[in-house]
>>> print(open('protein-v6.cif').read())   # mmCIF, N, CA and C atoms
data_model
loop_
_atom_site.label_atom_id
_atom_site.label_comp_id
_atom_site.auth_asym_id
_atom_site.auth_seq_id
_atom_site.Cartn_x
_atom_site.Cartn_y
_atom_site.Cartn_z
N MET A 207 -116.95 142.14 67.56
CA MET A 207 -117.01 141.43 66.31
C MET A 207 -118.30 141.80 65.58
N ILE A 208 -118.17 142.29 64.38
CA ILE A 208 -119.33 142.68 63.57
C ILE A 208 -119.90 141.42 62.90
N LYS A 209 -121.20 141.19 63.12
CA LYS A 209 -121.81 139.94 62.66
C LYS A 209 -122.75 140.10 61.47
N SER A 210 -123.13 141.34 61.15
CA SER A 210 -124.06 141.54 60.03
C SER A 210 -123.75 142.85 59.32
N GLN A 211 -124.35 142.98 58.12
CA GLN A 211 -124.16 144.21 57.36
C GLN A 211 -124.77 145.40 58.09
N SER A 212 -125.91 145.20 58.71
CA SER A 212 -126.54 146.32 59.42
C SER A 212 -125.71 146.73 60.62
N GLU A 213 -125.08 145.76 61.26
CA GLU A 213 -124.19 146.08 62.38
C GLU A 213 -122.95 146.84 61.88
N ALA A 214 -122.45 146.46 60.70
CA ALA A 214 -121.30 147.16 60.10
C ALA A 214 -121.70 148.60 59.78
N TRP A 215 -122.90 148.78 59.24
CA TRP A 215 -123.40 150.12 58.92
C TRP A 215 -123.50 150.96 60.20
N ASN A 216 -124.08 150.39 61.25
CA ASN A 216 -124.22 151.11 62.51
C ASN A 216 -122.87 151.46 63.11
N ARG A 217 -121.92 150.54 63.03
CA ARG A 217 -120.57 150.79 63.54
C ARG A 217 -119.91 151.92 62.77
N ALA A 218 -120.07 151.92 61.45
CA ALA A 218 -119.48 152.98 60.62
C ALA A 218 -120.09 154.34 60.98
N LEU A 219 -121.40 154.39 61.12
CA LEU A 219 -122.05 155.65 61.50
C LEU A 219 -121.62 156.11 62.88
N ASP A 220 -121.45 155.16 63.79
CA ASP A 220 -120.99 155.49 65.13
C ASP A 220 -119.60 156.13 65.07
N LEU A 221 -118.71 155.54 64.29
CA LEU A 221 -117.36 156.09 64.15
C LEU A 221 -117.39 157.48 63.51
N LEU A 222 -118.23 157.63 62.49
CA LEU A 222 -118.33 158.93 61.81
C LEU A 222 -119.01 159.99 62.66
N SER A 223 -119.80 159.58 63.62
CA SER A 223 -120.46 160.57 64.49
C SER A 223 -119.47 161.20 65.46
N ARG A 224 -118.36 160.51 65.70
CA ARG A 224 -117.35 161.03 66.63
C ARG A 224 -116.40 162.01 65.97
N ARG A 225 -116.00 161.68 64.72
CA ARG A 225 -115.12 162.56 63.95
C ARG A 225 -115.12 162.12 62.51
N GLU A 226 -114.60 162.98 61.64
CA GLU A 226 -114.46 162.63 60.23
C GLU A 226 -113.39 161.55 60.07
N HIS A 227 -113.55 160.70 59.09
CA HIS A 227 -112.57 159.66 58.77
C HIS A 227 -112.32 159.68 57.27
N SER A 228 -111.14 159.23 56.88
CA SER A 228 -110.90 158.99 55.46
C SER A 228 -111.49 157.62 55.13
N VAL A 229 -111.66 157.37 53.84
CA VAL A 229 -112.19 156.08 53.41
C VAL A 229 -111.25 154.96 53.88
N LEU A 230 -109.96 155.17 53.73
CA LEU A 230 -108.98 154.16 54.13
C LEU A 230 -109.04 153.89 55.64
N GLU A 231 -109.11 154.95 56.43
CA GLU A 231 -109.21 154.79 57.89
C GLU A 231 -110.43 153.97 58.29
N LEU A 232 -111.57 154.36 57.73
CA LEU A 232 -112.82 153.68 58.09
C LEU A 232 -112.78 152.22 57.64
N SER A 233 -112.24 151.98 56.47
CA SER A 233 -112.09 150.62 55.97
C SER A 233 -111.24 149.78 56.92
N ARG A 234 -110.12 150.34 57.35
CA ARG A 234 -109.24 149.62 58.29
C ARG A 234 -109.93 149.34 59.61
N LYS A 235 -110.67 150.32 60.12
CA LYS A 235 -111.35 150.14 61.40
C LYS A 235 -112.42 149.06 61.31
N LEU A 236 -113.18 149.07 60.22
CA LEU A 236 -114.22 148.05 60.06
C LEU A 236 -113.60 146.66 59.94
N ARG A 237 -112.50 146.56 59.21
CA ARG A 237 -111.81 145.27 59.10
C ARG A 237 -111.32 144.79 60.47
N SER A 238 -110.76 145.73 61.23
CA SER A 238 -110.23 145.35 62.55
C SER A 238 -111.34 144.92 63.51
N LYS A 239 -112.57 145.38 63.26
CA LYS A 239 -113.71 144.99 64.10
C LYS A 239 -114.37 143.72 63.61
N GLY A 240 -113.82 143.14 62.53
CA GLY A 240 -114.32 141.85 62.06
C GLY A 240 -115.37 141.89 60.98
N ALA A 241 -115.56 143.04 60.33
CA ALA A 241 -116.53 143.11 59.24
C ALA A 241 -116.03 142.26 58.07
N GLU A 242 -116.93 141.57 57.40
CA GLU A 242 -116.55 140.73 56.27
C GLU A 242 -116.10 141.61 55.11
N GLU A 243 -115.10 141.12 54.40
CA GLU A 243 -114.52 141.87 53.28
C GLU A 243 -115.58 142.29 52.26
N GLY A 244 -116.50 141.41 51.95
CA GLY A 244 -117.52 141.69 50.94
C GLY A 244 -118.49 142.80 51.32
N TRP A 245 -118.56 143.12 52.59
CA TRP A 245 -119.48 144.17 53.05
C TRP A 245 -118.86 145.55 52.98
N ILE A 246 -117.55 145.62 53.11
CA ILE A 246 -116.88 146.90 53.36
C ILE A 246 -116.98 147.86 52.17
N ASP A 247 -116.58 147.44 50.98
CA ASP A 247 -116.58 148.37 49.84
C ASP A 247 -117.98 148.90 49.50
N PRO A 248 -119.00 148.04 49.42
CA PRO A 248 -120.35 148.58 49.16
C PRO A 248 -120.82 149.53 50.27
N LEU A 249 -120.47 149.21 51.50
CA LEU A 249 -120.83 150.06 52.63
C LEU A 249 -120.19 151.44 52.50
N LEU A 250 -118.89 151.46 52.17
CA LEU A 250 -118.17 152.72 52.02
C LEU A 250 -118.74 153.53 50.86
N GLU A 251 -119.04 152.86 49.75
CA GLU A 251 -119.64 153.56 48.60
C GLU A 251 -120.96 154.20 48.98
N ARG A 252 -121.79 153.47 49.72
CA ARG A 252 -123.08 154.01 50.16
C ARG A 252 -122.89 155.21 51.09
N LEU A 253 -121.93 155.11 52.01
CA LEU A 253 -121.66 156.22 52.92
C LEU A 253 -121.22 157.47 52.15
N VAL A 254 -120.41 157.29 51.13
CA VAL A 254 -119.96 158.42 50.31
C VAL A 254 -121.14 159.00 49.54
N GLU A 255 -121.93 158.12 48.89
CA GLU A 255 -123.09 158.57 48.11
C GLU A 255 -124.09 159.36 48.96
N GLU A 256 -124.29 158.92 50.19
CA GLU A 256 -125.26 159.57 51.07
C GLU A 256 -124.68 160.75 51.83
N GLY A 257 -123.39 161.01 51.62
CA GLY A 257 -122.78 162.19 52.24
C GLY A 257 -122.28 162.00 53.66
N TRP A 258 -122.32 160.79 54.17
CA TRP A 258 -121.83 160.54 55.53
C TRP A 258 -120.31 160.53 55.58
N LEU A 259 -119.69 160.15 54.47
CA LEU A 259 -118.24 160.00 54.40
C LEU A 259 -117.72 160.87 53.28
N SER A 260 -116.77 161.75 53.61
CA SER A 260 -116.23 162.69 52.62
C SER A 260 -114.73 162.87 52.85
N GLU A 261 -113.95 162.54 51.83
CA GLU A 261 -112.50 162.74 51.91
C GLU A 261 -112.18 164.23 52.03
N THR A 262 -112.93 165.05 51.33
CA THR A 262 -112.70 166.51 51.37
C THR A 262 -112.93 167.04 52.77
N ARG A 263 -114.06 166.67 53.37
CA ARG A 263 -114.35 167.12 54.74
C ARG A 263 -113.31 166.60 55.72
N PHE A 264 -112.91 165.34 55.55
CA PHE A 264 -111.89 164.78 56.43
C PHE A 264 -110.60 165.56 56.30
N ALA A 265 -110.15 165.81 55.08
CA ALA A 265 -108.88 166.52 54.86
C ALA A 265 -108.92 167.92 55.48
N GLU A 266 -110.03 168.62 55.31
CA GLU A 266 -110.16 169.96 55.88
C GLU A 266 -110.15 169.92 57.40
N SER A 267 -110.90 169.02 57.97
CA SER A 267 -110.98 168.89 59.43
C SER A 267 -109.63 168.50 60.01
N PHE A 268 -108.99 167.52 59.40
CA PHE A 268 -107.69 167.04 59.86
C PHE A 268 -106.66 168.17 59.79
N THR A 269 -106.65 168.89 58.68
CA THR A 269 -105.69 169.99 58.49
C THR A 269 -105.90 171.07 59.54
N ARG A 270 -107.14 171.47 59.77
CA ARG A 270 -107.42 172.49 60.79
C ARG A 270 -106.91 172.05 62.16
N SER A 271 -107.15 170.80 62.51
CA SER A 271 -106.74 170.34 63.84
C SER A 271 -105.21 170.27 63.95
N ARG A 272 -104.54 169.87 62.89
CA ARG A 272 -103.08 169.80 62.92
C ARG A 272 -102.45 171.19 62.93
N VAL A 273 -103.02 172.12 62.20
CA VAL A 273 -102.52 173.51 62.22
C VAL A 273 -102.67 174.08 63.62
N ALA A 274 -103.80 173.80 64.26
CA ALA A 274 -104.02 174.29 65.62
C ALA A 274 -102.99 173.73 66.60
N LYS A 275 -102.42 172.58 66.28
CA LYS A 275 -101.39 171.98 67.13
C LYS A 275 -99.98 172.39 66.72
N GLY A 276 -99.88 173.27 65.72
CA GLY A 276 -98.57 173.77 65.32
C GLY A 276 -97.80 172.87 64.37
N VAL A 277 -98.51 172.15 63.55
CA VAL A 277 -97.87 171.26 62.58
C VAL A 277 -97.81 171.97 61.23
N GLY A 278 -96.69 171.80 60.52
CA GLY A 278 -96.46 172.46 59.24
C GLY A 278 -96.99 171.69 58.04
N PRO A 279 -96.90 172.31 56.87
CA PRO A 279 -97.50 171.74 55.66
C PRO A 279 -96.90 170.42 55.20
N TYR A 280 -95.59 170.23 55.32
CA TYR A 280 -94.99 168.96 54.89
C TYR A 280 -95.53 167.79 55.69
N ARG A 281 -95.57 167.95 56.99
CA ARG A 281 -96.02 166.86 57.86
C ARG A 281 -97.51 166.59 57.67
N ILE A 282 -98.30 167.64 57.54
CA ILE A 282 -99.74 167.46 57.31
C ILE A 282 -99.96 166.70 56.01
N ARG A 283 -99.26 167.10 54.97
CA ARG A 283 -99.37 166.44 53.66
C ARG A 283 -99.05 164.94 53.80
N ARG A 284 -97.95 164.63 54.46
CA ARG A 284 -97.53 163.24 54.62
C ARG A 284 -98.58 162.44 55.42
N GLU A 285 -99.09 163.03 56.48
CA GLU A 285 -100.08 162.33 57.30
C GLU A 285 -101.38 162.09 56.53
N LEU A 286 -101.78 163.04 55.70
CA LEU A 286 -102.98 162.84 54.88
C LEU A 286 -102.74 161.77 53.83
N GLN A 287 -101.55 161.76 53.24
CA GLN A 287 -101.22 160.72 52.25
C GLN A 287 -101.27 159.34 52.90
N GLU A 288 -100.76 159.24 54.13
CA GLU A 288 -100.79 157.96 54.85
C GLU A 288 -102.21 157.49 55.12
N ARG A 289 -103.14 158.42 55.16
CA ARG A 289 -104.54 158.07 55.41
C ARG A 289 -105.32 157.89 54.12
N GLY A 290 -104.60 157.88 52.99
CA GLY A 290 -105.22 157.58 51.71
C GLY A 290 -105.95 158.72 51.05
N VAL A 291 -105.71 159.94 51.46
CA VAL A 291 -106.41 161.09 50.88
C VAL A 291 -105.77 161.46 49.54
N ALA A 292 -106.60 161.76 48.56
CA ALA A 292 -106.14 162.11 47.21
C ALA A 292 -105.39 163.44 47.23
N GLU A 293 -104.44 163.58 46.33
CA GLU A 293 -103.61 164.78 46.26
C GLU A 293 -104.46 166.05 46.08
N TYR A 294 -105.50 165.98 45.28
CA TYR A 294 -106.36 167.14 45.07
C TYR A 294 -106.99 167.60 46.38
N ASP A 295 -107.49 166.67 47.18
CA ASP A 295 -108.11 167.02 48.46
C ASP A 295 -107.08 167.57 49.44
N ILE A 296 -105.87 167.04 49.37
CA ILE A 296 -104.79 167.55 50.23
C ILE A 296 -104.49 169.00 49.87
N GLU A 297 -104.36 169.27 48.58
CA GLU A 297 -104.07 170.64 48.13
C GLU A 297 -105.18 171.61 48.56
N GLN A 298 -106.42 171.17 48.40
CA GLN A 298 -107.56 172.02 48.78
C GLN A 298 -107.59 172.29 50.28
N ALA A 299 -107.18 171.33 51.08
CA ALA A 299 -107.21 171.49 52.53
C ALA A 299 -106.08 172.38 53.02
N ILE A 300 -104.93 172.30 52.39
CA ILE A 300 -103.76 173.07 52.82
C ILE A 300 -103.78 174.49 52.28
N ALA A 301 -104.38 174.70 51.13
CA ALA A 301 -104.36 176.00 50.45
C ALA A 301 -104.81 177.19 51.31
N PRO A 302 -105.86 177.08 52.11
CA PRO A 302 -106.28 178.25 52.90
C PRO A 302 -105.23 178.77 53.88
N PHE A 303 -104.24 177.96 54.19
CA PHE A 303 -103.23 178.36 55.16
C PHE A 303 -101.95 178.88 54.50
N ALA A 304 -101.93 178.96 53.18
CA ALA A 304 -100.71 179.32 52.44
C ALA A 304 -100.08 180.62 52.94
N ALA A 305 -100.88 181.59 53.24
CA ALA A 305 -100.35 182.89 53.68
C ALA A 305 -99.96 182.90 55.16
N ASP A 306 -100.30 181.84 55.88
CA ASP A 306 -100.10 181.83 57.33
C ASP A 306 -98.97 180.95 57.82
N TRP A 307 -98.36 180.15 56.96
CA TRP A 307 -97.37 179.17 57.43
C TRP A 307 -96.20 179.82 58.16
N GLU A 308 -95.71 180.94 57.67
CA GLU A 308 -94.59 181.60 58.35
C GLU A 308 -95.01 182.08 59.74
N ARG A 309 -96.18 182.67 59.82
CA ARG A 309 -96.70 183.13 61.12
C ARG A 309 -96.87 181.95 62.08
N ILE A 310 -97.38 180.85 61.58
CA ILE A 310 -97.56 179.65 62.41
C ILE A 310 -96.21 179.12 62.89
N ALA A 311 -95.23 179.09 61.99
CA ALA A 311 -93.88 178.63 62.37
C ALA A 311 -93.29 179.52 63.45
N ILE A 312 -93.49 180.82 63.33
CA ILE A 312 -92.99 181.76 64.34
C ILE A 312 -93.66 181.49 65.69
N MET A 313 -94.97 181.29 65.67
CA MET A 313 -95.70 181.03 66.92
C MET A 313 -95.22 179.73 67.57
N VAL A 314 -95.01 178.70 66.77
CA VAL A 314 -94.54 177.41 67.29
C VAL A 314 -93.15 177.58 67.89
N LYS A 315 -92.28 178.28 67.19
CA LYS A 315 -90.91 178.50 67.67
C LYS A 315 -90.93 179.29 68.97
N GLU A 316 -91.72 180.34 69.04
CA GLU A 316 -91.77 181.18 70.24
C GLU A 316 -92.41 180.44 71.41
N LYS A 317 -93.37 179.60 71.15
CA LYS A 317 -94.00 178.84 72.24
C LYS A 317 -93.00 177.87 72.86
N LYS A 318 -92.19 177.24 72.03
CA LYS A 318 -91.24 176.24 72.51
C LYS A 318 -89.96 176.86 73.06
N PHE A 319 -89.45 177.91 72.38
CA PHE A 319 -88.12 178.42 72.71
C PHE A 319 -88.10 179.86 73.20
N GLY A 320 -89.24 180.52 73.23
CA GLY A 320 -89.28 181.91 73.66
C GLY A 320 -89.03 182.87 72.51
N THR A 321 -89.03 184.15 72.84
CA THR A 321 -88.92 185.18 71.81
C THR A 321 -87.50 185.68 71.60
N GLU A 322 -86.61 185.29 72.48
CA GLU A 322 -85.21 185.74 72.35
C GLU A 322 -84.51 184.99 71.22
N PRO A 323 -83.66 185.69 70.48
CA PRO A 323 -82.93 185.01 69.39
C PRO A 323 -81.91 184.03 69.95
N ALA A 324 -81.67 182.98 69.20
CA ALA A 324 -80.66 181.98 69.59
C ALA A 324 -79.29 182.55 69.23
N GLU A 325 -78.44 182.69 70.21
CA GLU A 325 -77.11 183.26 69.99
C GLU A 325 -76.12 182.21 69.49
N GLU A 326 -76.25 181.00 70.00
CA GLU A 326 -75.29 179.96 69.67
C GLU A 326 -75.76 179.13 68.48
N PHE A 327 -74.80 178.66 67.71
CA PHE A 327 -75.09 177.82 66.55
C PHE A 327 -75.87 176.57 66.95
N ARG A 328 -75.45 175.93 68.03
CA ARG A 328 -76.12 174.69 68.47
C ARG A 328 -77.59 174.92 68.80
N GLU A 329 -77.87 176.05 69.44
CA GLU A 329 -79.27 176.35 69.79
C GLU A 329 -80.09 176.64 68.53
N ARG A 330 -79.51 177.38 67.60
CA ARG A 330 -80.20 177.65 66.32
C ARG A 330 -80.51 176.34 65.60
N ALA A 331 -79.52 175.46 65.57
CA ALA A 331 -79.68 174.17 64.90
C ALA A 331 -80.78 173.35 65.59
N ARG A 332 -80.81 173.41 66.90
CA ARG A 332 -81.84 172.69 67.66
C ARG A 332 -83.23 173.21 67.31
N GLN A 333 -83.38 174.51 67.25
CA GLN A 333 -84.66 175.11 66.89
C GLN A 333 -85.05 174.74 65.47
N GLN A 334 -84.09 174.77 64.57
CA GLN A 334 -84.37 174.42 63.18
C GLN A 334 -84.80 172.96 63.06
N ARG A 335 -84.13 172.05 63.76
CA ARG A 335 -84.50 170.64 63.72
C ARG A 335 -85.92 170.42 64.25
N PHE A 336 -86.25 171.15 65.32
CA PHE A 336 -87.59 171.03 65.89
C PHE A 336 -88.65 171.45 64.87
N LEU A 337 -88.43 172.59 64.23
CA LEU A 337 -89.40 173.07 63.25
C LEU A 337 -89.45 172.17 62.02
N GLN A 338 -88.32 171.60 61.66
CA GLN A 338 -88.30 170.66 60.54
C GLN A 338 -89.12 169.41 60.90
N TYR A 339 -88.93 168.92 62.11
CA TYR A 339 -89.71 167.76 62.57
C TYR A 339 -91.20 168.07 62.53
N ARG A 340 -91.56 169.29 62.86
CA ARG A 340 -92.96 169.71 62.85
C ARG A 340 -93.53 169.83 61.44
N GLY A 341 -92.66 169.84 60.42
CA GLY A 341 -93.14 169.81 59.04
C GLY A 341 -93.13 171.14 58.32
N PHE A 342 -92.33 172.08 58.77
CA PHE A 342 -92.24 173.37 58.09
C PHE A 342 -91.16 173.32 57.01
N THR A 343 -91.31 174.18 56.00
CA THR A 343 -90.34 174.24 54.92
C THR A 343 -89.08 174.96 55.40
N HIS A 344 -88.02 174.82 54.63
CA HIS A 344 -86.77 175.49 54.96
C HIS A 344 -86.97 177.01 55.07
N GLU A 345 -87.70 177.58 54.13
CA GLU A 345 -87.95 179.03 54.14
C GLU A 345 -88.74 179.45 55.38
N GLN A 346 -89.75 178.69 55.72
CA GLN A 346 -90.57 179.00 56.90
C GLN A 346 -89.73 178.89 58.18
N ILE A 347 -88.86 177.91 58.22
CA ILE A 347 -87.99 177.73 59.38
C ILE A 347 -87.03 178.92 59.51
N GLN A 348 -86.45 179.33 58.40
CA GLN A 348 -85.53 180.47 58.43
C GLN A 348 -86.23 181.73 58.93
N VAL A 349 -87.44 181.97 58.43
CA VAL A 349 -88.19 183.14 58.86
C VAL A 349 -88.46 183.07 60.36
N ALA A 350 -88.84 181.91 60.87
CA ALA A 350 -89.17 181.76 62.28
C ALA A 350 -87.94 181.97 63.16
N VAL A 351 -86.82 181.40 62.77
CA VAL A 351 -85.61 181.51 63.57
C VAL A 351 -85.02 182.92 63.50
N GLU A 352 -85.14 183.56 62.35
CA GLU A 352 -84.61 184.92 62.19
C GLU A 352 -85.57 185.98 62.73
N HIS A 353 -86.82 185.64 62.95
CA HIS A 353 -87.85 186.61 63.34
C HIS A 353 -87.46 187.43 64.54
N CYS A 354 -86.85 186.83 65.50
CA CYS A 354 -86.50 187.53 66.74
C CYS A 354 -85.45 188.59 66.54
N LYS A 355 -84.69 188.49 65.46
CA LYS A 355 -83.61 189.43 65.22
C LYS A 355 -84.08 190.71 64.56
N ARG A 356 -85.32 190.73 64.11
CA ARG A 356 -85.83 191.91 63.39
C ARG A 356 -86.15 193.03 64.33
#
>>> encode(input="protein-v6.cif", output="structure tokens")
Amino acid sequence: MIKSQSEAWNRALDLLSRREHSVLELSRKLRSKGAEEGWIDPLLERLVEEGWLSETRFAESFTRSRVAKGVGPYRIRRELQERGVAEYDIEQAIAPFAADWERIAIMVKEKKFGTEPAEEFRERARQQRFLQYRGFTHEQIQVAVEHCKR
């Protein structure tokens, strides 16, 4: 239970020292730890002003970690939106991977299903559903599933 503004500040810095957070995430965490409502917004503003809290840094860090786990652009976009990140920051975070999404989809498909092409319709559909769940576009999924046939 957070009992003072200085304790709220220390808790926020502690959370930020572990990983980047969005403003919405940090706000929710502070509320869940019992910080008073009147302390949270000024605290978040100060953290942003002093450079401790950055939506841009959070979006970039989050995107890199999700790409490393084989997640596609649709799912990353949705997850960032759920964390309150602005559309501009989402676009900036996803943009560096624009040329790589097909390659990433192929790697994800091959890691899960191997390099052999799916002969049966049911297996192709299964692979496509998996890649769709991971957040890849229809075009990226088609490239990944057809890649083995080239």
>>> residues_around(input="protein-v6.cif", residues="Arg263 (chain A)", least_positions_apart="4", cutoff="7 Å", atoms="only N, CA and C atoms", output="PDB file with N, CA and C atoms, in the frame of the given file")
ATOM      1  N   GLU A 226    -114.600 162.980  61.640  1.00  0.00           N
ATOM      2  CA  GLU A 226    -114.460 162.630  60.230  1.00  0.00           C
ATOM      3  C   GLU A 226    -113.390 161.550  60.070  1.00  0.00           C
ATOM      4  N   HIS A 227    -113.550 160.700  59.090  1.00  0.00           N
ATOM      5  CA  HIS A 227    -112.570 159.660  58.770  1.00  0.00           C
ATOM      6  C   HIS A 227    -112.320 159.680  57.270  1.00  0.00           C
ATOM      7  N   LEU A 259    -119.690 160.150  54.470  1.00  0.00           N
ATOM      8  CA  LEU A 259    -118.240 160.000  54.400  1.00  0.00           C
ATOM      9  C   LEU A 259    -117.720 160.870  53.280  1.00  0.00           C
ATOM     10  N   SER A 267    -110.900 169.020  57.970  1.00  0.00           N
ATOM     11  CA  SER A 267    -110.980 168.890  59.430  1.00  0.00           C
ATOM     12  C   SER A 267    -109.630 168.500  60.010  1.00  0.00           C
ATOM     13  N   PHE A 268    -108.990 167.520  59.400  1.00  0.00           N
ATOM     14  CA  PHE A 268    -107.690 167.040  59.860  1.00  0.00           C
ATOM     15  C   PHE A 268    -106.660 168.170  59.790  1.00  0.00           C
TER      16      PHE A 268
END
>>> resolve_selection(input="protein-v6.cif", expression="the PyMOL selection byres ((chain A and resi 311-327) around 6)", output="number ranges by chain")
A: 276, 306-310, 328-332, 346, 350, 354-355
>>> closest_residue(input="protein-v6.cif", among="A:Lys275, A:Gly244, A:Ala218, A:Ile208", to="Leu232 (chain A)", atoms="all atoms listed in the file")
A:Ala218
>>> atom_distance(input="protein-v6.cif", atom1="CA of Tyr280 (chain A)", atom2="CA of Gly341 (chain A)")
4.6 Å
>>> axis_aligned_box(input="protein-v6.cif", around="region 274-281 of chain A", padding_each_side="5 Å", output="JSON")
{"center_x": -99.5, "center_y": 170.4, "center_z": 61.0, "size_x": 19.0, "size_y": 17.7, "size_z": 22.2}
>>> residues_around(input="protein-v6.cif", residues="Leu230 (chain A)", least_positions_apart="5", cutoff="6 Å", atoms="all atoms listed in the file", output="PyMOL selection string")
chain A and resi 235+289-290
>>> residues_around(input="protein-v6.cif", residues="Ala265 (chain A)", least_positions_apart="3", cutoff="7 Å", atoms="all atoms listed in the file", output="PyMOL selection string")
chain A and resi 227-228+260-262+268-270+286+295-296+298-300
>>> residues_near_point(input="protein-v6.cif", point="(-125.6, 141.6, 59.4)", cutoff="12 Å", atoms="only C-alpha atoms", output="list in words")
Met207, Ile208, Lys209, Ser210, Gln211, Ser212, Glu213, Ala214, Trp215, Asn216, Arg217, Gly240, Ala241, Glu242, Gly244, Trp245, Ile246 and Leu249 of chain A
>>> atom_distance(input="protein-v6.cif", atom1="CA of Gln333 (chain A)", atom2="CA of Val277 (chain A)")
14.4 Å
>>> atom_distance(input="protein-v6.cif", atom1="CA of Val291 (chain A)", atom2="CA of Glu243 (chain A)")
21.0 Å
>>> resolve_selection(input="protein-v6.cif", expression="the PyMOL selection byres ((chain A and resi 347) around 7)", output="list in words")
Glu308, Ala311, Gln334, Leu337, Gln338, Phe342, Thr343, His344, Glu345, Gln346, Gln348, Val349, Ala350, Val351 and Glu352 of chain A
>>> closest_residue(input="protein-v6.cif", among="A:Ala304, A:Asp247, A:Gly257, A:Glu231", to="Glu288 (chain A)", atoms="all atoms listed in the file")
A:Glu231
>>> closest_residue(input="protein-v6.cif", among="A:Pro302, A:Arg281, A:Arg234, A:Leu219", to="Val254 (chain A)", atoms="only C-alpha atoms")
A:Leu219
>>> decode(input="protein-v6.cif", residues="region 212-227 of chain A", atoms="N, CA and C atoms", output="PDB file, in the first residue's frame")
ATOM      1  N   SER A 212       6.017  10.521  -2.092  1.00  0.00           N
ATOM      2  CA  SER A 212       7.404  10.101  -2.319  1.00  0.00           C
ATOM      3  C   SER A 212       7.488   8.588  -2.474  1.00  0.00           C
ATOM      4  N   GLU A 213       6.652   7.869  -1.748  1.00  0.00           N
ATOM      5  CA  GLU A 213       6.615   6.419  -1.900  1.00  0.00           C
ATOM      6  C   GLU A 213       6.069   6.037  -3.287  1.00  0.00           C
ATOM      7  N   ALA A 214       5.079   6.797  -3.773  1.00  0.00           N
ATOM      8  CA  ALA A 214       4.531   6.563  -5.117  1.00  0.00           C
ATOM      9  C   ALA A 214       5.620   6.817  -6.165  1.00  0.00           C
ATOM     10  N   TRP A 215       6.378   7.884  -5.982  1.00  0.00           N
ATOM     11  CA  TRP A 215       7.476   8.213  -6.901  1.00  0.00           C
ATOM     12  C   TRP A 215       8.506   7.077  -6.910  1.00  0.00           C
ATOM     13  N   ASN A 216       8.898   6.620  -5.728  1.00  0.00           N
ATOM     14  CA  ASN A 216       9.881   5.541  -5.637  1.00  0.00           C
ATOM     15  C   ASN A 216       9.365   4.254  -6.266  1.00  0.00           C
ATOM     16  N   ARG A 217       8.088   3.955  -6.054  1.00  0.00           N
ATOM     17  CA  ARG A 217       7.485   2.756  -6.646  1.00  0.00           C
ATOM     18  C   ARG A 217       7.493   2.860  -8.165  1.00  0.00           C
ATOM     19  N   ALA A 218       7.153   4.035  -8.687  1.00  0.00           N
ATOM     20  CA  ALA A 218       7.144   4.233 -10.141  1.00  0.00           C
ATOM     21  C   ALA A 218       8.545   4.055 -10.716  1.00  0.00           C
ATOM     22  N   LEU A 219       9.538   4.645 -10.071  1.00  0.00           N
ATOM     23  CA  LEU A 219      10.919   4.494 -10.543  1.00  0.00           C
ATOM     24  C   LEU A 219      11.375   3.042 -10.468  1.00  0.00           C
ATOM     25  N   ASP A 220      10.964   2.353  -9.420  1.00  0.00           N
ATOM     26  CA  ASP A 220      11.306   0.941  -9.282  1.00  0.00           C
ATOM     27  C   ASP A 220      10.720   0.137 -10.450  1.00  0.00           C
ATOM     28  N   LEU A 221       9.467   0.392 -10.772  1.00  0.00           N
ATOM     29  CA  LEU A 221       8.832  -0.314 -11.894  1.00  0.00           C
ATOM     30  C   LEU A 221       9.521   0.014 -13.217  1.00  0.00           C
ATOM     31  N   LEU A 222       9.864   1.289 -13.398  1.00  0.00           N
ATOM     32  CA  LEU A 222      10.524   1.703 -14.641  1.00  0.00           C
ATOM     33  C   LEU A 222      11.961   1.200 -14.740  1.00  0.00           C
ATOM     34  N   SER A 223      12.572   0.907 -13.616  1.00  0.00           N
ATOM     35  CA  SER A 223      13.950   0.395 -13.660  1.00  0.00           C
ATOM     36  C   SER A 223      13.989  -1.048 -14.160  1.00  0.00           C
ATOM     37  N   ARG A 224      12.866  -1.740 -14.057  1.00  0.00           N
ATOM     38  CA  ARG A 224      12.801  -3.134 -14.503  1.00  0.00           C
ATOM     39  C   ARG A 224      12.545  -3.258 -15.996  1.00  0.00           C
ATOM     40  N   ARG A 225      11.636  -2.393 -16.501  1.00  0.00           N
ATOM     41  CA  ARG A 225      11.329  -2.376 -17.932  1.00  0.00           C
ATOM     42  C   ARG A 225      10.561  -1.108 -18.252  1.00  0.00           C
ATOM     43  N   GLU A 226      10.451  -0.812 -19.546  1.00  0.00           N
ATOM     44  CA  GLU A 226       9.660   0.336 -19.983  1.00  0.00           C
ATOM     45  C   GLU A 226       8.179   0.045 -19.747  1.00  0.00           C
ATOM     46  N   HIS A 227       7.417   1.079 -19.471  1.00  0.00           N
ATOM     47  CA  HIS A 227       5.972   0.972 -19.297  1.00  0.00           C
ATOM     48  C   HIS A 227       5.297   2.072 -20.108  1.00  0.00           C
TER      49      HIS A 227
END
